[in-house]
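To be precise, the following lines are protein31.csv, and they hold CSV, C-alpha atoms and all ligand atoms.
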```csv
chain,number,residue,atom,x,y,z
A,265,MET,CA,-50.9,-9.6,-2.9
A,266,GLY,CA,-47.9,-11.3,-1.4
A,267,HIS,CA,-44.3,-10.8,-2.4
A,268,PRO,CA,-42.7,-13.4,-4.7
A,269,PRO,CA,-39.6,-14.8,-3.1
A,270,PRO,CA,-36.2,-13.9,-4.6
A,271,ASP,CA,-35.8,-15.9,-7.8
A,272,ARG,CA,-32.3,-15.9,-9.4
A,273,ASP,CA,-33.5,-16.9,-12.9
A,274,LEU,CA,-36.3,-14.4,-13.0
A,275,ALA,CA,-34.1,-11.6,-11.7
A,276,VAL,CA,-31.6,-12.4,-14.5
A,277,ALA,CA,-34.4,-12.4,-17.0
A,278,TYR,CA,-35.4,-8.9,-15.9
A,279,LEU,CA,-31.9,-7.6,-16.5
A,280,ASP,CA,-30.9,-9.6,-19.6
A,281,GLY,CA,-34.2,-10.2,-21.4
A,282,ASP,CA,-36.9,-8.1,-22.9
A,283,ARG,CA,-39.3,-8.9,-20.1
A,284,ASP,CA,-41.7,-6.1,-19.1
A,285,PRO,CA,-40.1,-4.6,-15.9
A,286,ALA,CA,-43.3,-3.0,-14.6
A,287,PRO,CA,-44.0,-5.8,-12.1
A,288,LEU,CA,-40.4,-5.7,-10.8
A,289,PHE,CA,-40.7,-1.9,-10.2
A,290,GLU,CA,-44.0,-2.2,-8.5
A,291,HIS,CA,-42.8,-5.0,-6.3
A,292,ALA,CA,-39.6,-3.0,-5.4
A,293,ARG,CA,-41.7,0.1,-4.5
A,294,ARG,CA,-44.0,-2.0,-2.3
A,295,LEU,CA,-41.1,-3.7,-0.5
A,296,ARG,CA,-39.4,-0.3,0.1
A,297,ASP,CA,-42.6,1.3,1.5
A,298,GLU,CA,-43.2,-1.7,3.7
A,299,GLY,CA,-39.7,-1.8,5.1
A,300,ARG,CA,-38.5,1.8,5.1
A,301,GLY,CA,-41.7,3.9,4.8
A,302,ARG,CA,-41.7,7.2,2.9
A,303,ILE,CA,-38.5,8.5,4.4
A,304,VAL,CA,-35.5,9.0,2.1
A,305,THR,CA,-32.2,9.7,3.8
A,306,PHE,CA,-28.9,11.3,3.0
A,307,SER,CA,-25.7,11.9,5.0
A,308,PRO,CA,-24.3,15.4,5.1
A,309,LYS,CA,-20.6,14.8,4.7
A,310,VAL,CA,-17.2,16.0,3.8
A,311,PHE,CA,-15.1,13.9,1.5
A,312,ILE,CA,-11.5,13.5,2.8
A,313,PRO,CA,-9.3,11.8,0.3
A,314,ILE,CA,-6.6,10.6,2.8
A,315,THR,CA,-4.4,9.4,-0.1
A,316,THR,CA,-4.9,9.3,-3.9
A,317,LEU,CA,-2.1,6.7,-4.2
A,318,CYS,CA,-3.1,3.1,-4.7
A,319,ARG,CA,-1.4,-0.2,-5.5
A,320,ASP,CA,-4.2,-1.2,-7.9
A,321,THR,CA,-4.9,-0.1,-11.4
A,322,CYS,CA,-8.6,-0.5,-12.1
A,323,THR,CA,-9.2,0.6,-15.7
A,324,TYR,CA,-12.1,2.9,-14.9
A,325,CYS,CA,-10.5,4.8,-12.1
A,326,THR,CA,-9.3,8.5,-12.0
A,327,PHE,CA,-9.1,8.7,-8.2
A,328,ALA,CA,-5.8,6.9,-8.0
A,329,LYS,CA,-2.8,8.8,-9.3
A,330,PRO,CA,0.9,8.1,-9.4
A,331,PRO,CA,3.5,10.0,-7.3
A,332,GLY,CA,4.3,13.2,-9.1
A,333,GLY,CA,1.1,13.0,-11.1
A,334,GLY,CA,-1.2,14.0,-8.3
A,335,GLY,CA,-0.9,11.0,-6.1
A,336,GLU,CA,-0.2,12.1,-2.5
A,337,TYR,CA,-1.3,12.0,1.1
A,338,LEU,CA,-3.2,14.7,3.0
A,339,THR,CA,-1.2,15.9,6.0
A,340,PRO,CA,-2.9,16.0,9.4
A,341,ASP,CA,-3.3,19.8,8.9
A,342,ASP,CA,-5.0,19.2,5.5
A,343,VAL,CA,-7.3,16.6,7.0
A,344,MET,CA,-8.3,18.9,9.8
A,345,ALA,CA,-8.8,21.9,7.6
A,346,VAL,CA,-11.5,20.0,5.6
A,347,ALA,CA,-13.0,18.4,8.7
A,348,ARG,CA,-13.3,21.7,10.6
A,349,ALA,CA,-14.9,23.4,7.5
A,350,GLY,CA,-17.4,20.5,7.3
A,351,ASP,CA,-18.2,20.7,11.0
A,352,ALA,CA,-18.8,24.4,10.7
A,353,ALA,CA,-21.1,23.9,7.7
A,354,GLY,CA,-23.3,21.4,9.6
A,355,CYS,CA,-22.0,18.2,8.1
A,356,ARG,CA,-22.0,15.0,10.2
A,357,GLU,CA,-19.9,12.5,8.3
A,358,ALA,CA,-16.2,12.5,7.6
A,359,LEU,CA,-15.9,10.1,4.7
A,360,LEU,CA,-12.3,8.9,4.6
A,361,THR,CA,-11.7,7.5,1.1
A,362,LEU,CA,-8.3,6.4,-0.2
A,363,GLY,CA,-6.4,4.0,-2.4
A,364,ASP,CA,-5.6,0.5,-1.4
A,365,ARG,CA,-2.3,-0.2,0.4
A,366,PRO,CA,-0.1,2.3,-1.6
A,367,GLU,CA,2.9,1.4,0.7
A,368,ASP,CA,3.1,-2.0,-1.1
A,369,ARG,CA,3.8,-0.3,-4.4
A,370,TRP,CA,5.2,3.2,-3.9
A,371,PRO,CA,8.4,4.1,-2.0
A,372,GLN,CA,7.0,7.7,-1.7
A,373,ALA,CA,4.1,6.3,0.3
A,374,ARG,CA,6.4,4.5,2.7
A,375,ASP,CA,8.4,7.7,3.1
A,376,PHE,CA,5.4,9.8,3.9
A,377,LEU,CA,4.1,7.2,6.4
A,378,ALA,CA,7.5,7.0,8.1
A,379,SER,CA,7.5,10.8,8.4
A,380,GLN,CA,4.3,10.5,10.3
A,381,GLY,CA,5.4,7.6,12.4
A,382,HIS,CA,3.3,4.9,10.7
A,383,ASP,CA,4.1,1.7,8.8
A,384,THR,CA,0.7,1.4,7.1
A,385,THR,CA,-1.8,3.6,5.5
A,386,ILE,CA,-4.6,2.2,7.6
A,387,GLY,CA,-2.6,3.0,10.7
A,388,TYR,CA,-2.5,6.6,9.4
A,389,VAL,CA,-6.2,6.5,8.8
A,390,ALA,CA,-6.7,5.4,12.4
A,391,ALA,CA,-4.6,8.4,13.6
A,392,MET,CA,-6.6,10.8,11.4
A,393,SER,CA,-9.8,9.4,12.7
A,394,GLU,CA,-8.6,10.1,16.2
A,395,LEU,CA,-7.9,13.7,15.3
A,396,ILE,CA,-11.3,14.2,13.7
A,397,VAL,CA,-13.1,12.7,16.7
A,398,ASP,CA,-11.1,14.8,19.2
A,399,GLY,CA,-11.2,18.0,17.2
A,400,THR,CA,-14.7,18.2,15.6
A,401,GLY,CA,-18.2,16.9,15.9
A,402,LEU,CA,-17.9,14.8,12.8
A,403,PHE,CA,-18.2,11.0,12.7
A,404,PRO,CA,-15.6,9.2,10.6
A,405,HIS,CA,-16.6,6.5,8.2
A,406,ALA,CA,-13.5,4.9,6.7
A,407,ASN,CA,-13.6,3.5,3.2
A,408,PRO,CA,-10.0,2.3,2.8
A,409,GLY,CA,-10.4,-0.8,0.6
A,410,CYS,CA,-9.5,-4.2,1.9
A,411,MET,CA,-8.7,-4.4,5.6
A,412,THR,CA,-7.6,-7.2,7.9
A,413,GLU,CA,-9.6,-8.0,11.0
A,414,ALA,CA,-7.0,-6.4,13.2
A,415,GLU,CA,-7.1,-3.2,11.1
A,416,MET,CA,-10.9,-3.0,11.3
A,417,ALA,CA,-10.7,-3.6,15.1
A,418,ALA,CA,-8.2,-0.7,15.4
A,419,LEU,CA,-10.6,1.6,13.4
A,420,ARG,CA,-13.8,0.6,15.2
A,421,PRO,CA,-13.3,2.9,18.3
A,422,THR,CA,-13.3,6.0,16.1
A,423,ASN,CA,-15.4,5.0,13.1
A,424,VAL,CA,-19.1,4.6,13.7
A,425,SER,CA,-19.3,2.5,10.5
A,426,MET,CA,-17.1,1.5,7.6
A,427,GLY,CA,-17.4,0.6,4.0
A,428,MET,CA,-16.0,-1.3,1.1
A,429,MET,CA,-17.8,-2.0,-2.2
A,430,LEU,CA,-18.0,-5.6,-3.2
A,431,GLU,CA,-18.3,-4.3,-6.8
A,432,ASN,CA,-18.9,-7.7,-8.3
A,433,ILE,CA,-18.7,-11.3,-7.1
A,434,SER,CA,-17.2,-12.6,-10.4
A,435,PRO,CA,-13.5,-13.4,-10.6
A,436,ARG,CA,-13.8,-13.1,-14.4
A,437,LEU,CA,-13.4,-9.3,-14.0
A,438,MET,CA,-9.8,-10.0,-12.9
A,439,GLU,CA,-8.9,-11.8,-16.1
A,440,PRO,CA,-6.5,-10.2,-18.7
A,441,GLY,CA,-8.3,-7.4,-20.5
A,442,MET,CA,-10.9,-7.0,-17.8
A,443,PRO,CA,-11.0,-3.9,-15.5
A,444,HIS,CA,-9.7,-5.6,-12.4
A,445,HIS,CA,-6.7,-7.4,-14.0
A,446,ASN,CA,-3.6,-7.1,-11.8
A,447,CYS,CA,-5.7,-5.6,-9.0
A,448,PRO,CA,-5.1,-7.8,-6.0
A,449,ASP,CA,-7.6,-6.0,-3.8
A,450,LYS,CA,-10.4,-6.6,-6.2
A,451,ASP,CA,-10.4,-10.3,-5.7
A,452,PRO,CA,-14.0,-11.0,-4.8
A,453,ALA,CA,-13.2,-13.8,-2.5
A,454,LEU,CA,-10.9,-11.4,-0.5
A,455,ARG,CA,-13.6,-8.8,-0.5
A,456,MET,CA,-16.3,-11.1,0.7
A,457,ALA,CA,-13.9,-12.2,3.5
A,458,VAL,CA,-13.5,-8.6,4.6
A,459,ILE,CA,-17.2,-8.1,4.6
A,460,GLU,CA,-17.6,-11.3,6.7
A,461,ALA,CA,-14.9,-10.2,9.1
A,462,ALA,CA,-16.7,-6.8,9.6
A,463,GLY,CA,-19.8,-8.8,10.6
A,464,ALA,CA,-17.9,-10.8,13.2
A,465,LEU,CA,-16.6,-7.5,14.7
A,466,ARG,CA,-20.1,-6.1,14.8
A,467,ILE,CA,-19.2,-3.2,12.5
A,468,PRO,CA,-22.1,-1.5,10.7
A,469,PHE,CA,-21.0,-1.9,7.1
A,470,THR,CA,-21.7,-0.3,3.8
A,471,THR,CA,-21.1,-2.2,0.6
A,472,GLY,CA,-22.5,-2.4,-2.8
A,473,ILE,CA,-22.0,-3.2,-6.5
A,474,LEU,CA,-20.5,-1.3,-9.4
A,475,VAL,CA,-22.6,-1.8,-12.5
A,476,GLY,CA,-21.4,-1.5,-16.1
A,477,ILE,CA,-17.8,-2.7,-15.9
A,478,GLY,CA,-18.2,-5.7,-18.2
A,479,GLU,CA,-20.2,-8.0,-16.0
A,480,THR,CA,-23.3,-10.0,-17.1
A,481,GLY,CA,-26.8,-9.7,-15.7
A,482,ALA,CA,-26.3,-13.1,-14.0
A,483,GLU,CA,-23.1,-11.8,-12.3
A,484,ILE,CA,-25.0,-8.8,-11.0
A,485,VAL,CA,-27.7,-11.0,-9.6
A,486,ASP,CA,-25.2,-13.4,-8.0
A,487,SER,CA,-23.4,-10.4,-6.4
A,488,LEU,CA,-26.6,-9.2,-4.8
A,489,LEU,CA,-27.5,-12.7,-3.7
A,490,ALA,CA,-24.0,-13.1,-2.1
A,491,LEU,CA,-24.6,-10.0,-0.1
A,492,ALA,CA,-28.1,-11.1,0.9
A,493,GLU,CA,-26.7,-14.4,2.1
A,494,VAL,CA,-24.1,-12.7,4.3
A,495,GLN,CA,-26.7,-10.4,5.7
A,496,SER,CA,-29.0,-13.2,6.6
A,497,ARG,CA,-26.2,-14.7,8.8
A,498,LEU,CA,-24.5,-11.6,10.2
A,499,GLY,CA,-26.9,-8.7,9.9
A,500,HIS,CA,-24.3,-6.0,9.8
A,501,ILE,CA,-24.8,-4.8,6.2
A,502,GLN,CA,-26.4,-1.4,7.0
A,503,GLU,CA,-26.7,-0.4,3.4
A,504,VAL,CA,-26.1,-1.5,-0.2
A,505,ILE,CA,-25.0,1.0,-2.8
A,506,VAL,CA,-26.0,0.3,-6.4
A,507,GLN,CA,-23.6,2.5,-8.4
A,508,ASN,CA,-23.5,3.0,-12.1
A,509,PHE,CA,-20.2,3.1,-14.0
A,510,ARG,CA,-19.4,6.4,-15.6
A,511,ALA,CA,-16.8,6.5,-18.4
A,512,LYS,CA,-14.1,9.0,-17.6
A,513,ALA,CA,-11.6,10.7,-19.9
A,514,ASP,CA,-8.0,9.6,-19.3
A,515,THR,CA,-9.0,6.1,-18.4
A,516,ARG,CA,-8.7,2.9,-20.4
A,517,MET,CA,-12.5,2.5,-20.2
A,518,ARG,CA,-13.2,6.0,-21.5
A,519,ARG,CA,-15.0,4.7,-24.6
A,520,SER,CA,-17.0,2.0,-22.7
A,521,ALA,CA,-20.7,2.2,-22.8
A,522,GLU,CA,-22.3,3.5,-19.6
A,523,PRO,CA,-25.5,1.9,-18.2
A,524,ILE,CA,-28.6,3.5,-19.6
A,525,PRO,CA,-30.7,4.9,-16.6
A,526,ALA,CA,-33.9,3.0,-17.5
A,527,TRP,CA,-32.0,-0.3,-17.5
A,528,PHE,CA,-29.9,0.6,-14.5
A,529,ALA,CA,-33.1,1.4,-12.6
A,530,ARG,CA,-34.0,-2.3,-13.2
A,531,VAL,CA,-30.8,-3.2,-11.3
A,532,ALA,CA,-31.8,-1.0,-8.4
A,533,ALA,CA,-35.3,-2.6,-8.4
A,534,ALA,CA,-33.8,-6.1,-8.5
A,535,ALA,CA,-31.5,-5.2,-5.6
A,536,ARG,CA,-34.6,-4.2,-3.5
A,537,TRP,CA,-36.3,-7.5,-4.4
A,538,LEU,CA,-33.2,-9.7,-3.6
A,539,LEU,CA,-32.1,-7.8,-0.5
A,540,GLY,CA,-35.6,-7.4,1.0
A,541,PRO,CA,-37.7,-4.7,2.5
A,542,GLU,CA,-35.5,-3.7,5.4
A,543,MET,CA,-32.3,-3.1,3.5
A,544,ASN,CA,-31.2,0.5,3.0
A,545,LEU,CA,-30.7,0.8,-0.7
A,546,GLN,CA,-28.8,3.7,-2.2
A,547,VAL,CA,-28.1,5.0,-5.7
A,548,PRO,CA,-25.8,8.1,-5.8
A,549,PRO,CA,-27.8,11.1,-7.1
A,550,ASN,CA,-24.8,12.7,-8.8
A,551,LEU,CA,-24.3,10.1,-11.5
A,552,THR,CA,-27.7,10.3,-13.3
A,553,GLU,CA,-29.3,13.5,-14.4
A,554,ARG,CA,-32.9,12.5,-13.5
A,555,TYR,CA,-31.9,10.6,-10.4
A,556,GLU,CA,-35.4,10.6,-8.9
A,557,ILE,CA,-36.3,7.7,-11.2
A,558,TYR,CA,-34.6,5.5,-8.7
A,559,LEU,CA,-37.2,6.3,-6.1
A,560,ASP,CA,-39.6,4.5,-8.5
A,561,ALA,CA,-37.2,1.5,-8.2
A,562,GLY,CA,-37.3,1.1,-4.4
A,563,VAL,CA,-34.3,3.1,-3.2
A,564,ASN,CA,-34.5,4.9,0.2
A,565,ASP,CA,-31.2,6.7,0.4
A,566,TRP,CA,-29.1,9.2,-1.5
A,567,GLY,CA,-25.9,8.5,0.4
A,568,GLY,CA,-23.3,11.1,1.3
A,569,VAL,CA,-24.0,14.5,-0.1
A,570,SER,CA,-21.5,17.3,0.5
A,571,PRO,CA,-22.2,21.0,0.6
A,572,LEU,CA,-18.5,21.6,0.5
A,573,THR,CA,-16.3,19.0,-1.1
A,574,ILE,CA,-16.4,17.4,-4.5
A,575,ASP,CA,-16.9,13.7,-5.2
A,576,TRP,CA,-13.3,12.7,-5.6
A,577,VAL,CA,-14.2,9.4,-7.2
A,578,ASN,CA,-16.4,11.1,-9.8
A,579,PRO,CA,-15.0,14.6,-9.9
A,580,GLU,CA,-16.8,15.5,-13.1
A,581,ALA,CA,-20.2,14.9,-11.4
A,582,PRO,CA,-21.2,17.6,-8.8
A,583,TRP,CA,-23.5,16.6,-6.0
A,584,PRO,CA,-27.0,18.2,-6.3
A,585,HIS,CA,-27.6,21.2,-4.2
A,586,LEU,CA,-29.4,20.0,-1.1
A,587,ALA,CA,-32.4,22.3,-1.8
A,588,GLU,CA,-32.8,20.7,-5.2
A,589,LEU,CA,-32.4,17.2,-3.7
A,590,ARG,CA,-35.1,18.0,-1.2
A,591,ARG,CA,-37.4,19.4,-3.9
A,592,ARG,CA,-37.1,16.4,-6.2
A,593,THR,CA,-37.5,13.9,-3.4
A,594,GLU,CA,-40.5,15.6,-2.0
A,595,ALA,CA,-42.1,15.9,-5.4
A,596,ARG,CA,-42.2,12.1,-5.5
A,597,GLY,CA,-44.0,12.0,-2.1
A,598,PHE,CA,-41.1,11.4,0.3
A,599,GLU,CA,-39.6,13.2,3.2
A,600,LEU,CA,-35.9,13.9,3.0
A,601,VAL,CA,-34.1,13.3,6.3
A,602,PRO,CA,-30.4,13.7,7.2
A,603,ARG,CA,-28.7,10.7,8.9
A,604,LEU,CA,-25.3,9.9,10.4
A,605,PRO,CA,-23.0,7.6,8.5
A,606,VAL,CA,-24.4,4.9,10.7
A,607,TYR,CA,-28.1,4.1,10.2
A,608,PRO,CA,-30.6,4.4,13.0
A,609,GLU,CA,-31.2,0.7,13.5
A,610,TYR,CA,-27.5,0.2,14.3
A,611,ILE,CA,-27.3,2.9,17.0
A,612,ASP,CA,-26.8,0.9,20.2
A,613,GLY,CA,-24.0,-0.4,22.3
A,614,ASP,CA,-23.8,-3.7,20.4
A,615,TRP,CA,-22.9,-2.0,17.2
A,616,ILE,CA,-21.1,1.2,18.2
A,617,ASP,CA,-17.9,1.3,20.2
A,618,SER,CA,-18.3,2.5,23.9
A,619,ARG,CA,-16.1,5.4,23.1
A,620,LEU,CA,-18.6,6.8,20.6
A,621,ILE,CA,-22.0,5.7,21.8
A,622,ASP,CA,-22.8,8.7,23.9
A,623,ARG,CA,-21.7,11.1,21.2
A,624,VAL,CA,-23.8,9.3,18.7
A,625,GLY,CA,-26.8,9.3,21.0
A,626,GLY,CA,-26.4,13.1,21.4
A,627,ALA,CA,-26.3,13.6,17.7
A,628,VAL,CA,-29.6,11.9,16.8
A,629,ASP,CA,-33.3,12.4,17.4
A,630,ASP,CA,-35.5,9.8,19.0
A,631,GLN,CA,-35.8,8.0,15.7
A,632,GLY,CA,-32.1,7.8,15.2
A,633,TYR,CA,-31.8,10.5,12.4
A,634,ALA,CA,-29.3,13.2,12.5
A,635,LEU,CA,-30.1,16.2,14.7
A,636,THR,CA,-28.8,18.6,12.2
A,637,LEU,CA,-28.6,21.3,11.2
A,638,HIS,CA,-30.9,23.4,9.1
A,639,ARG,CA,-28.4,26.2,9.0
A,640,GLU,CA,-29.0,29.0,6.5
A,641,GLY,CA,-27.9,28.0,3.1
A,642,VAL,CA,-26.6,24.6,4.0
A,643,LEU,CA,-29.3,22.2,4.8
B,701,LIG,S1,-10.9,2.0,-8.0
B,701,LIG,FE1,-10.0,2.0,-5.9
B,701,LIG,S2,-8.7,0.1,-5.9
B,701,LIG,FE2,-9.1,0.6,-8.0
B,701,LIG,S3,-7.3,1.9,-8.7
B,701,LIG,FE3,-9.0,3.3,-8.0
B,701,LIG,S4,-8.5,3.7,-5.9
B,701,LIG,FE4,-7.4,1.9,-6.4
```

Here is the file; what I need is its structure written in the form of structure tokens.
Amino acid sequence: MGHPPPDRDLAVAYLDGDRDPAPLFEHARRLRDEGRGRIVTFSPKVFIPITTLCRDTCTYCTFAKPPGGGGEYLTPDDVMAVARAGDAAGCREALLTLGDRPEDRWPQARDFLASQGHDTTIGYVAAMSELIVDGTGLFPHANPGCMTEAEMAALRPTNVSMGMMLENISPRLMEPGMPHHNCPDKDPALRMAVIEAAGALRIPFTTGILVGIGETGAEIVDSLLALAEVQSRLGHIQEVIVQNFRAKADTRMRRSAEPIPAWFARVAAAARWLLGPEMNLQVPPNLTERYEIYLDAGVNDWGGVSPLTIDWVNPEAPWPHLAELRRRTEARGFELVPRLPVYPEYIDGDWIDSRLIDRVGGAVDDQGYALTLHREGVL
């Protein structure tokens, strides 16, 4: 049986209607098996929150904090302490996550950056990436929010890949009362421009959608179709994350309903259908108790999983122990394989900066998966 081509209206009906989702799930699984086989990947990482200051005020976020209320920068010593511990534990990825352009809002951010000899947070991220590359065997993957083309070009020699969630293509989520009101970096047109610019620079790029923040089924489908369209032209989207909103105490959305896993699995399956067999599709395993249901919806990646550091974006949700992740993945008939932050199909001199390509080559097996690190008690 052939694959039905992506169909916007039918995809919306699967999300919004009472249509039997069984054919969607079956189709998603077949596409995944066809394009990605029976390997499910994860990236052993440490999470390095370069700064928890941010100029935006997304109403679901507990990562960003004000100065004096936990909002701060990690010093170079802080960064390297985490990076060295991750390196020693067998991790491969240094995930550099941070708020968006805090220097535009907070004088404390400008003061810290000046004390380190920088004007911008992204300049500081580039310097921290240099330290990590020089001092450890980790591979930085920067996730600093919106970036200019020049900023991405400056990060490329030390970052094997980069990321920024699209979240959703609908500008409606920026209207008063919606979660991205007064958040200039959440303008979907700006975010799509960043994603396009990354493609022009040949940067392997991770993006994705955040589901359950007030969007409609049609807006979810349109977000996935927008990513599929960019990918068809530029080919640099190495993975798409489908992430479920979790309501956190101390946020304005603390009483908002979270997506129900059975419905959210439909979103993952629709993403596989709309993005095609080759796309690496990830659902985070720490945001759903029975996360293996997403293997039945066509995903092939669990993303970054850390044996050492918490998920700073979802600090209430511990990552599964790797032995448990392996057990549950294998129980569904898959092999769990570690990868670098950059996916195997992007490991060549066209996609990776000349400064890093030999190191990357030395860190992977002949299929491009991470040569790591089955050390006692870690992996
Ligand atoms: S979600 Fe990101 S952009 Fe929004 S407030 Fe939090 S750190 Fe800032």

Around all the atoms of ligand LIG 701 (chain B) listed in the file, with 8 Å of room on each side, what axis-aligned box do you get, giving centre and edge lengths in Å to one decimal, as AutoDock Vina command-line options?
```
--center_x -9.1 --center_y 1.9 --center_z -7.3 --size_x 19.6 --size_y 19.6 --size_z 18.8
```

Measuring atom to atom with all atoms listed in the file, identify which of A:Leu586, A:Ala328, A:Leu545, A:Ala534 is nearest to Asp280 (chain A).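 Looking only at the distances to Asp280 (chain A), the closest residue turns out to be A:Ala534.
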
Under the rule that all atoms listed in the file are counted, which of A:Met429, A:Ala286, A:Val601, A:Leu338 is the nearest residue to ligand LIG 701 (chain B)?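 Of A:Met429, A:Ala286, A:Val601, A:Leu338, the one nearest ligand LIG 701 (chain B) is A:Met429, counting all atoms listed in the file.
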
Please extract the residues at most 10 Å from ligand LIG 701 (chain B), counting all atoms listed in the file, and provide them as a ChimeraX atom specification, using the chain letters and residue numbers of this document. /A:315-329,361-366,407-410,428-429,431,443-444,447-450,577

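Atom to atom, CA of Ile386 (chain A) and CA of Glu415 (chain A) stand 6.9 Å apart.
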
Would you list the contacts of Ile459 (chain A) as a short mmCIF file (atom, residue, chain, number, x, y, z; two decimals) with C-alpha atoms, in the coordinates of the input, taking every protein, DNA or RNA residue within 10 Å and counting only C-alpha atoms, but skipping same-chain residues closer than 3 positions in sequence?
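New file part_10.cif:
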```
data_model
loop_
_atom_site.label_atom_id
_atom_site.label_comp_id
_atom_site.auth_asym_id
_atom_site.auth_seq_id
_atom_site.Cartn_x
_atom_site.Cartn_y
_atom_site.Cartn_z
CA CYS A 410 -9.50 -4.20 1.90
CA MET A 411 -8.70 -4.40 5.60
CA GLU A 413 -9.60 -8.00 11.00
CA GLY A 427 -17.40 0.60 4.00
CA MET A 428 -16.00 -1.30 1.10
CA MET A 429 -17.80 -2.00 -2.20
CA LEU A 430 -18.00 -5.60 -3.20
CA ALA A 453 -13.20 -13.80 -2.50
CA LEU A 454 -10.90 -11.40 -0.50
CA ARG A 455 -13.60 -8.80 -0.50
CA MET A 456 -16.30 -11.10 0.70
CA ALA A 462 -16.70 -6.80 9.60
CA GLY A 463 -19.80 -8.80 10.60
CA ALA A 464 -17.90 -10.80 13.20
CA ILE A 467 -19.20 -3.20 12.50
CA PHE A 469 -21.00 -1.90 7.10
CA THR A 470 -21.70 -0.30 3.80
CA THR A 471 -21.10 -2.20 0.60
CA LEU A 491 -24.60 -10.00 -0.10
CA VAL A 494 -24.10 -12.70 4.30
CA GLN A 495 -26.70 -10.40 5.70
CA LEU A 498 -24.50 -11.60 10.20
CA HIS A 500 -24.30 -6.00 9.80
CA ILE A 501 -24.80 -4.80 6.20
#
```

Using Å and a single decimal, report how far CA of Arg272 (chain A) sits from CA of Arg296 (chain A).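 It comes out at 19.6 Å.
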
For a quick check of understanding, using all atoms listed in the file, which of A:Glu493, A:Asp565, A:Asp614, A:Glu483 has the smallest distance to Leu589 (chain A)?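 Counting all atoms listed in the file, the residue closest to Leu589 (chain A) is A:Asp565.
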
What's the separation between CA of Glu503 (chain A) and CA of Gly540 (chain A), in Å to one decimal place?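 That distance, rounded to one decimal, is 11.6 Å.
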
Quick one: residues within 9 Å of region 535-539 of chain A, all atoms listed in the file, excluding same-chain residues fewer than 2 positions away - as a PDB file with C-alpha atoms, in the frame of the given file?
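File written: selection-v5.pdb
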```pdb
ATOM      1  CA  HIS A 267     -44.300 -10.800  -2.400  1.00  0.00           C
ATOM      2  CA  PRO A 268     -42.700 -13.400  -4.700  1.00  0.00           C
ATOM      3  CA  PRO A 269     -39.600 -14.800  -3.100  1.00  0.00           C
ATOM      4  CA  PRO A 270     -36.200 -13.900  -4.600  1.00  0.00           C
ATOM      5  CA  ASP A 271     -35.800 -15.900  -7.800  1.00  0.00           C
ATOM      6  CA  ARG A 272     -32.300 -15.900  -9.400  1.00  0.00           C
ATOM      7  CA  ALA A 275     -34.100 -11.600 -11.700  1.00  0.00           C
ATOM      8  CA  LEU A 288     -40.400  -5.700 -10.800  1.00  0.00           C
ATOM      9  CA  HIS A 291     -42.800  -5.000  -6.300  1.00  0.00           C
ATOM     10  CA  ALA A 292     -39.600  -3.000  -5.400  1.00  0.00           C
ATOM     11  CA  ARG A 293     -41.700   0.100  -4.500  1.00  0.00           C
ATOM     12  CA  LEU A 295     -41.100  -3.700  -0.500  1.00  0.00           C
ATOM     13  CA  ARG A 296     -39.400  -0.300   0.100  1.00  0.00           C
ATOM     14  CA  VAL A 485     -27.700 -11.000  -9.600  1.00  0.00           C
ATOM     15  CA  LEU A 488     -26.600  -9.200  -4.800  1.00  0.00           C
ATOM     16  CA  LEU A 489     -27.500 -12.700  -3.700  1.00  0.00           C
ATOM     17  CA  LEU A 491     -24.600 -10.000  -0.100  1.00  0.00           C
ATOM     18  CA  ALA A 492     -28.100 -11.100   0.900  1.00  0.00           C
ATOM     19  CA  GLU A 493     -26.700 -14.400   2.100  1.00  0.00           C
ATOM     20  CA  GLN A 495     -26.700 -10.400   5.700  1.00  0.00           C
ATOM     21  CA  VAL A 504     -26.100  -1.500  -0.200  1.00  0.00           C
ATOM     22  CA  VAL A 506     -26.000   0.300  -6.400  1.00  0.00           C
ATOM     23  CA  ARG A 530     -34.000  -2.300 -13.200  1.00  0.00           C
ATOM     24  CA  VAL A 531     -30.800  -3.200 -11.300  1.00  0.00           C
ATOM     25  CA  ALA A 532     -31.800  -1.000  -8.400  1.00  0.00           C
ATOM     26  CA  ALA A 533     -35.300  -2.600  -8.400  1.00  0.00           C
ATOM     27  CA  PRO A 541     -37.700  -4.700   2.500  1.00  0.00           C
ATOM     28  CA  GLU A 542     -35.500  -3.700   5.400  1.00  0.00           C
ATOM     29  CA  MET A 543     -32.300  -3.100   3.500  1.00  0.00           C
ATOM     30  CA  ASN A 544     -31.200   0.500   3.000  1.00  0.00           C
ATOM     31  CA  LEU A 545     -30.700   0.800  -0.700  1.00  0.00           C
ATOM     32  CA  ALA A 561     -37.200   1.500  -8.200  1.00  0.00           C
ATOM     33  CA  GLY A 562     -37.300   1.100  -4.400  1.00  0.00           C
ATOM     34  CA  VAL A 563     -34.300   3.100  -3.200  1.00  0.00           C
TER      35      VAL A 563
END
```

Write out as JSON, numbers by chain each polymer residue whose atoms come within 9 Å of region 339-352 of chain A, counting all atoms listed in the file; drop sequence neighbours fewer than 6 positions from it. {"A": [308, 309, 310, 311, 312, 313, 314, 358, 380, 391, 392, 395, 396, 399, 400, 401, 402, 570, 571, 572, 573]}

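Nearest residue to Arg590 (chain A), choosing from A:Thr480, A:Ile611, A:Thr305, A:Arg516 and counting only C-alpha atoms: A:Thr305.
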
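Each of A:Arg619, A:Arg283, A:Lys512, A:Arg420 was compared to Val389 (chain A) using all atoms listed in the file, and A:Arg420 turns out to be the nearest.
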
Closest of A:Ala513, A:Ala417, A:Val276, A:Ala526 to Arg466 (chain A) - atom-to-atom distances counting only C-alpha atoms: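 Distance minimum relative to Arg466 (chain A) lands on A:Ala417.
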